[in-house]
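Beneath this line is the structure, given in structure tokens, with notes to follow.
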Amino acid sequence: MMDEFSMQGFNVKRPESGNPFANLEGMPVTTVKANLIGDRKMKVLGICGSPRRHGNTQIMLEKVLEVCEEAGAETEFLFLRDHDIKPCDACETCGRHKKCHIKDDLHLILPKLWAADGIVIGSPVYGMGVSAHTRLLLDRIGGFHAAWMSGQDGKDGPGFTRTVGGAVLAAGRVGGSLAWSSLVAEFSLDQWIIGGAAFGYGWDRGEVLKDQAGMWEAAELGKRMVRMINLVNGGGWESDVRTDTMVL
């Protein structure tokens with residue numbers, strides 16, 4: 001027996017399976033436009049923390065960036081597995097002097113982080129949390145934000161206080177919400193502007209493409225990132241927005 005329920009103001013048919021996302025016919029499709037920031041395009045950086053290439057995390061993250069590009073943003077995809085990032089050794093040099101004595105590839109990544117208006121972190125869900133690659137990066141960059149905000153060596157930047165942060169989480173079955181909670185805590189500690197998350201489900205490589213709700217969330221996250229970056233930089237939330245109806 002089919003009935004209907006309301007989601008974000010749209011009537012969506014509920015299939016007999018009880019899964020409201022089995023049929024996304026009639027879901028909203030919003031088109032957004034990325035405003036210029038001064039005389040440049042907004043920049044959105046996607047960071048993939050999965051050890052698996054072409055896996056579900058990468059697929060969802062690329063969807064987010066694709067939507068940002070379609071809106072007019074400049075995007076970049078960064079694969080953490082291609083970089084040598086060592087664990088933090090708690091020396092506190094970064095918090096005092098905005099420098100890190102560890103010689104690895106973090107020095108190549110930091111300029112990309114500071115230059116981005118929005119950062120989307122993608123991670124598979126491992127042990128109810130994020131991947132080791134993702135955790136290493138988060139542990140290493142937290143102290144740098146403390147240095148920016150404390151004014152050590154002369155405050156010459158806002159740290160992450162004007163950075164919109166989003167997340168893509170790919171889970172086999174459970175743990176997505178707990179992994180997201182850990183990222184929310186990290187974003188909050190470092191004073192990111194939280195842009196939201198997309199959750200996808202699937203065990204095998206590419207299986208997330210069968211998760212219509214997950215892929216829809218990834219696309220919507222891309223649009224929300226653009227809209228929030230517009231808002232942070234003086235544009236309106238509803239600037240250049242058009243909503244249509246999804247037809248599958």
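Note on naming: chains are A, B, ... as they come in the structure tokens, residues start from 1 per chain, ligands start from 1 in the order shown.
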Just list the residues in stretch 52-136 of chain A DSSP gives strand (DSSP E) on the backbone, as a PyMOL selection string. chain A and resi 74-79+118-124
What's the 7 Å shell around stretch 225-237 of chain A, counting only C-alpha atoms, without same-chain residues fewer than 3 positions away, as number ranges by chain? A: 34-35, 37, 68, 117-118, 162, 164, 195, 221-222
For the residues selected in the previous step, produce a file with N, CA and C atoms as an mmCIF file, in the first residue's frame.
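Final file, part03.cif:
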data_model
loop_
_atom_site.group_PDB
_atom_site.id
_atom_site.type_symbol
_atom_site.label_atom_id
_atom_site.label_comp_id
_atom_site.auth_asym_id
_atom_site.auth_seq_id
_atom_site.Cartn_x
_atom_site.Cartn_y
_atom_site.Cartn_z
ATOM 1 N N ALA A 34 27.275 30.167 -7.865
ATOM 2 C CA ALA A 34 28.358 30.618 -6.989
ATOM 3 C C ALA A 34 28.714 32.065 -7.308
ATOM 4 N N ASN A 35 28.545 32.947 -6.323
ATOM 5 C CA ASN A 35 28.913 34.342 -6.512
ATOM 6 C C ASN A 35 30.434 34.492 -6.529
ATOM 7 N N ILE A 37 33.876 36.082 -5.302
ATOM 8 C CA ILE A 37 34.372 36.637 -4.047
ATOM 9 C C ILE A 37 35.435 37.659 -4.431
ATOM 10 N N CYS A 68 29.321 21.732 -7.242
ATOM 11 C CA CYS A 68 29.939 23.031 -6.967
ATOM 12 C C CYS A 68 30.493 23.645 -8.255
ATOM 13 N N ASP A 117 37.575 28.399 0.358
ATOM 14 C CA ASP A 117 36.405 29.001 1.006
ATOM 15 C C ASP A 117 35.524 27.931 1.635
ATOM 16 N N GLY A 118 35.583 26.743 1.070
ATOM 17 C CA GLY A 118 34.834 25.609 1.594
ATOM 18 C C GLY A 118 35.668 24.349 1.481
ATOM 19 N N ARG A 162 36.118 31.525 8.663
ATOM 20 C CA ARG A 162 35.305 31.860 7.497
ATOM 21 C C ARG A 162 35.259 30.698 6.498
ATOM 22 N N VAL A 164 33.672 27.214 5.288
ATOM 23 C CA VAL A 164 32.492 26.348 5.382
ATOM 24 C C VAL A 164 32.960 24.902 5.255
ATOM 25 N N GLY A 195 28.627 23.184 7.303
ATOM 26 C CA GLY A 195 27.761 23.222 6.128
ATOM 27 C C GLY A 195 26.858 22.019 5.968
ATOM 28 N N LEU A 221 24.422 18.594 -0.835
ATOM 29 C CA LEU A 221 25.507 19.150 -0.034
ATOM 30 C C LEU A 221 26.339 20.118 -0.864
ATOM 31 N N GLY A 222 26.583 19.759 -2.135
ATOM 32 C CA GLY A 222 27.318 20.666 -3.011
ATOM 33 C C GLY A 222 26.621 22.006 -3.144
#
Name the closest residue to A:Pro51 among the candidates A:Glu76, A:Asp39, A:Glu70, A:Asp82; distances are taken between atoms, counting only C-alpha atoms. A:Asp82
Between A:Trp203, A:Trp114, A:Phe187, A:Tyr126, which one has atoms that come closest to A:Gly159, using only C-alpha atoms?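 Closest to A:Gly159 of all the choices is A:Trp114.
Between atom CA of A:Gly214 and atom CA of A:Phe199 lies a distance of 5.4 Å.
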As a PDB file with N, CA and C atoms, in the first residue's frame, please: the residues near stretch 110-113 of chain A (cut-off 10 Å, only C-alpha atoms, same-chain neighbours under 2 positions excluded).
ATOM      1  N   LYS A  43      36.384  28.955  -3.945  1.00  0.00           N
ATOM      2  CA  LYS A  43      37.172  27.732  -4.038  1.00  0.00           C
ATOM      3  C   LYS A  43      36.648  26.694  -3.058  1.00  0.00           C
ATOM      4  N   VAL A  44      36.402  25.496  -3.571  1.00  0.00           N
ATOM      5  CA  VAL A  44      35.935  24.393  -2.732  1.00  0.00           C
ATOM      6  C   VAL A  44      36.928  23.239  -2.867  1.00  0.00           C
ATOM      7  N   LEU A  45      37.464  22.811  -1.745  1.00  0.00           N
ATOM      8  CA  LEU A  45      38.447  21.735  -1.719  1.00  0.00           C
ATOM      9  C   LEU A  45      37.802  20.466  -1.185  1.00  0.00           C
ATOM     10  N   GLY A  46      37.920  19.374  -1.934  1.00  0.00           N
ATOM     11  CA  GLY A  46      37.442  18.079  -1.479  1.00  0.00           C
ATOM     12  C   GLY A  46      38.613  17.220  -1.037  1.00  0.00           C
ATOM     13  N   ILE A  47      38.556  16.728   0.187  1.00  0.00           N
ATOM     14  CA  ILE A  47      39.641  15.913   0.738  1.00  0.00           C
ATOM     15  C   ILE A  47      39.121  14.506   0.975  1.00  0.00           C
ATOM     16  N   GLU A  76      38.913  21.506  -6.254  1.00  0.00           N
ATOM     17  CA  GLU A  76      40.119  20.679  -6.294  1.00  0.00           C
ATOM     18  C   GLU A  76      39.860  19.433  -5.458  1.00  0.00           C
ATOM     19  N   LEU A  78      41.642  16.273  -3.457  1.00  0.00           N
ATOM     20  CA  LEU A  78      42.898  15.885  -2.840  1.00  0.00           C
ATOM     21  C   LEU A  78      42.728  14.513  -2.194  1.00  0.00           C
ATOM     22  N   ASP A 105      54.224  15.722   4.020  1.00  0.00           N
ATOM     23  CA  ASP A 105      53.463  16.415   2.980  1.00  0.00           C
ATOM     24  C   ASP A 105      52.397  17.376   3.516  1.00  0.00           C
ATOM     25  N   LEU A 106      52.272  17.494   4.832  1.00  0.00           N
ATOM     26  CA  LEU A 106      51.305  18.458   5.347  1.00  0.00           C
ATOM     27  C   LEU A 106      51.639  19.867   4.874  1.00  0.00           C
ATOM     28  N   HIS A 107      52.906  20.143   4.669  1.00  0.00           N
ATOM     29  CA  HIS A 107      53.331  21.460   4.225  1.00  0.00           C
ATOM     30  C   HIS A 107      52.841  21.765   2.812  1.00  0.00           C
ATOM     31  N   LEU A 108      52.540  20.736   2.053  1.00  0.00           N
ATOM     32  CA  LEU A 108      51.969  20.929   0.723  1.00  0.00           C
ATOM     33  C   LEU A 108      50.456  21.136   0.791  1.00  0.00           C
ATOM     34  N   ALA A 115      43.570  28.526   1.511  1.00  0.00           N
ATOM     35  CA  ALA A 115      43.041  29.214   0.333  1.00  0.00           C
ATOM     36  C   ALA A 115      41.593  28.859   0.038  1.00  0.00           C
ATOM     37  N   ALA A 116      41.089  27.781   0.630  1.00  0.00           N
ATOM     38  CA  ALA A 116      39.741  27.302   0.312  1.00  0.00           C
ATOM     39  C   ALA A 116      38.662  28.082   1.060  1.00  0.00           C
ATOM     40  N   ASP A 117      37.575  28.399   0.358  1.00  0.00           N
ATOM     41  CA  ASP A 117      36.405  29.001   1.006  1.00  0.00           C
ATOM     42  C   ASP A 117      35.524  27.931   1.635  1.00  0.00           C
ATOM     43  N   GLY A 118      35.583  26.743   1.070  1.00  0.00           N
ATOM     44  CA  GLY A 118      34.834  25.609   1.594  1.00  0.00           C
ATOM     45  C   GLY A 118      35.668  24.349   1.481  1.00  0.00           C
ATOM     46  N   ILE A 119      35.571  23.489   2.480  1.00  0.00           N
ATOM     47  CA  ILE A 119      36.295  22.219   2.486  1.00  0.00           C
ATOM     48  C   ILE A 119      35.314  21.107   2.794  1.00  0.00           C
ATOM     49  N   ILE A 141      46.049  19.579  11.889  1.00  0.00           N
ATOM     50  CA  ILE A 141      45.704  20.961  11.529  1.00  0.00           C
ATOM     51  C   ILE A 141      45.062  21.739  12.671  1.00  0.00           C
ATOM     52  N   PHE A 144      47.274  24.453  14.230  1.00  0.00           N
ATOM     53  CA  PHE A 144      47.517  25.609  13.367  1.00  0.00           C
ATOM     54  C   PHE A 144      46.405  26.635  13.524  1.00  0.00           C
ATOM     55  N   GLY A 159      42.180  31.946  10.101  1.00  0.00           N
ATOM     56  CA  GLY A 159      42.111  30.526  10.382  1.00  0.00           C
ATOM     57  C   GLY A 159      40.951  29.903   9.616  1.00  0.00           C
ATOM     58  N   PHE A 160      40.145  29.107  10.309  1.00  0.00           N
ATOM     59  CA  PHE A 160      38.994  28.462   9.676  1.00  0.00           C
ATOM     60  C   PHE A 160      37.680  29.186   9.968  1.00  0.00           C
ATOM     61  N   THR A 163      35.650  29.513   6.967  1.00  0.00           N
ATOM     62  CA  THR A 163      35.661  28.328   6.117  1.00  0.00           C
ATOM     63  C   THR A 163      34.401  27.509   6.352  1.00  0.00           C
TER      64      THR A 163
END
Find the residues near A:Ala171: any atom within 7 Å, counting only C-alpha atoms, skip ones fewer than 5 places away on the same chain, and give them as a compact mmCIF listing (two decimals) with N, CA and C atoms, in the first residue's frame.
# COMPACT_ATOMS: atom_id res chain seq x y z
N PRO A 124 35.40 7.06 4.71
CA PRO A 124 34.61 5.87 5.01
C PRO A 124 34.41 5.78 6.51
N VAL A 125 33.42 5.05 6.94
CA VAL A 125 33.17 4.86 8.36
C VAL A 125 33.85 3.58 8.81
N GLY A 176 27.52 5.98 10.69
CA GLY A 176 27.64 7.27 10.01
C GLY A 176 27.39 8.44 10.93
N GLY A 200 26.23 7.97 2.61
CA GLY A 200 25.98 6.95 1.60
C GLY A 200 26.25 5.57 2.16
N TYR A 201 25.56 4.58 1.61
CA TYR A 201 25.68 3.23 2.14
C TYR A 201 25.96 2.23 1.03
N GLY A 202 26.87 1.30 1.32
CA GLY A 202 27.23 0.27 0.36
C GLY A 202 28.53 -0.38 0.77
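Proximity to A:Ala170 was assessed for A:Lys98, A:Arg205, A:Lys33, A:Lys223 counting only C-alpha atoms; the smallest distance is recorded for A:Arg205.
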Identify, on the basis of only C-alpha atoms, every residue whose closest approach to A:Ala179 does not exceed 8 Å; exclude the query and any residue fewer than 3 positions from it along the same chain; express the result as a PyMOL selection string. chain A and resi 125+128-130+169+175-176+182-183
Atom CA of A:Leu80 and atom CA of A:Val184, how far apart in Å?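 Computing it gives 20.0 Å between the two atoms.
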Considering only C-alpha atoms, return as a ChimeraX atom specification whatever protein or nucleic-acid residues lie within 6 Å of A:Gly166, sequence-local ones (same chain, fewer than 4 positions apart) excluded. /A:120,195-197
Could the residues in this selection be saved with C-alpha atoms as a JSON list (two decimals), in the first residue's frame?
[["chain", "number", "residue", "atom", "x", "y", "z"],
["A", 120, "VAL", "CA", 34.45, 18.92, 2.17],
["A", 195, "GLY", "CA", 27.76, 23.22, 6.13],
["A", 196, "GLY", "CA", 26.26, 19.78, 6.62],
["A", 197, "ALA", "CA", 26.87, 16.21, 5.55]]
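Considering only C-alpha atoms, the residue among A:Leu178, A:Ala167, A:Val32, A:Leu136 positioned nearest to A:Val67 is A:Val32.
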Could you pull the residues within 9 Å of A:Gly142, counting only C-alpha atoms, minus those fewer than 2 positions along the same chain, as a ChimeraX atom specification? /A:94-95,137-140,144-146,186,189-190
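Distance annotation: of A:Ile85, A:Ile59, A:Ile121, A:Ala71, the residue with the minimal separation from A:Ile109 is A:Ile85; atom set is only C-alpha atoms.
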Could you check which of A:Gln191, A:Asn56, A:Ser50, A:Thr31 is closest to A:Gly172, using only C-alpha atoms? A:Asn56
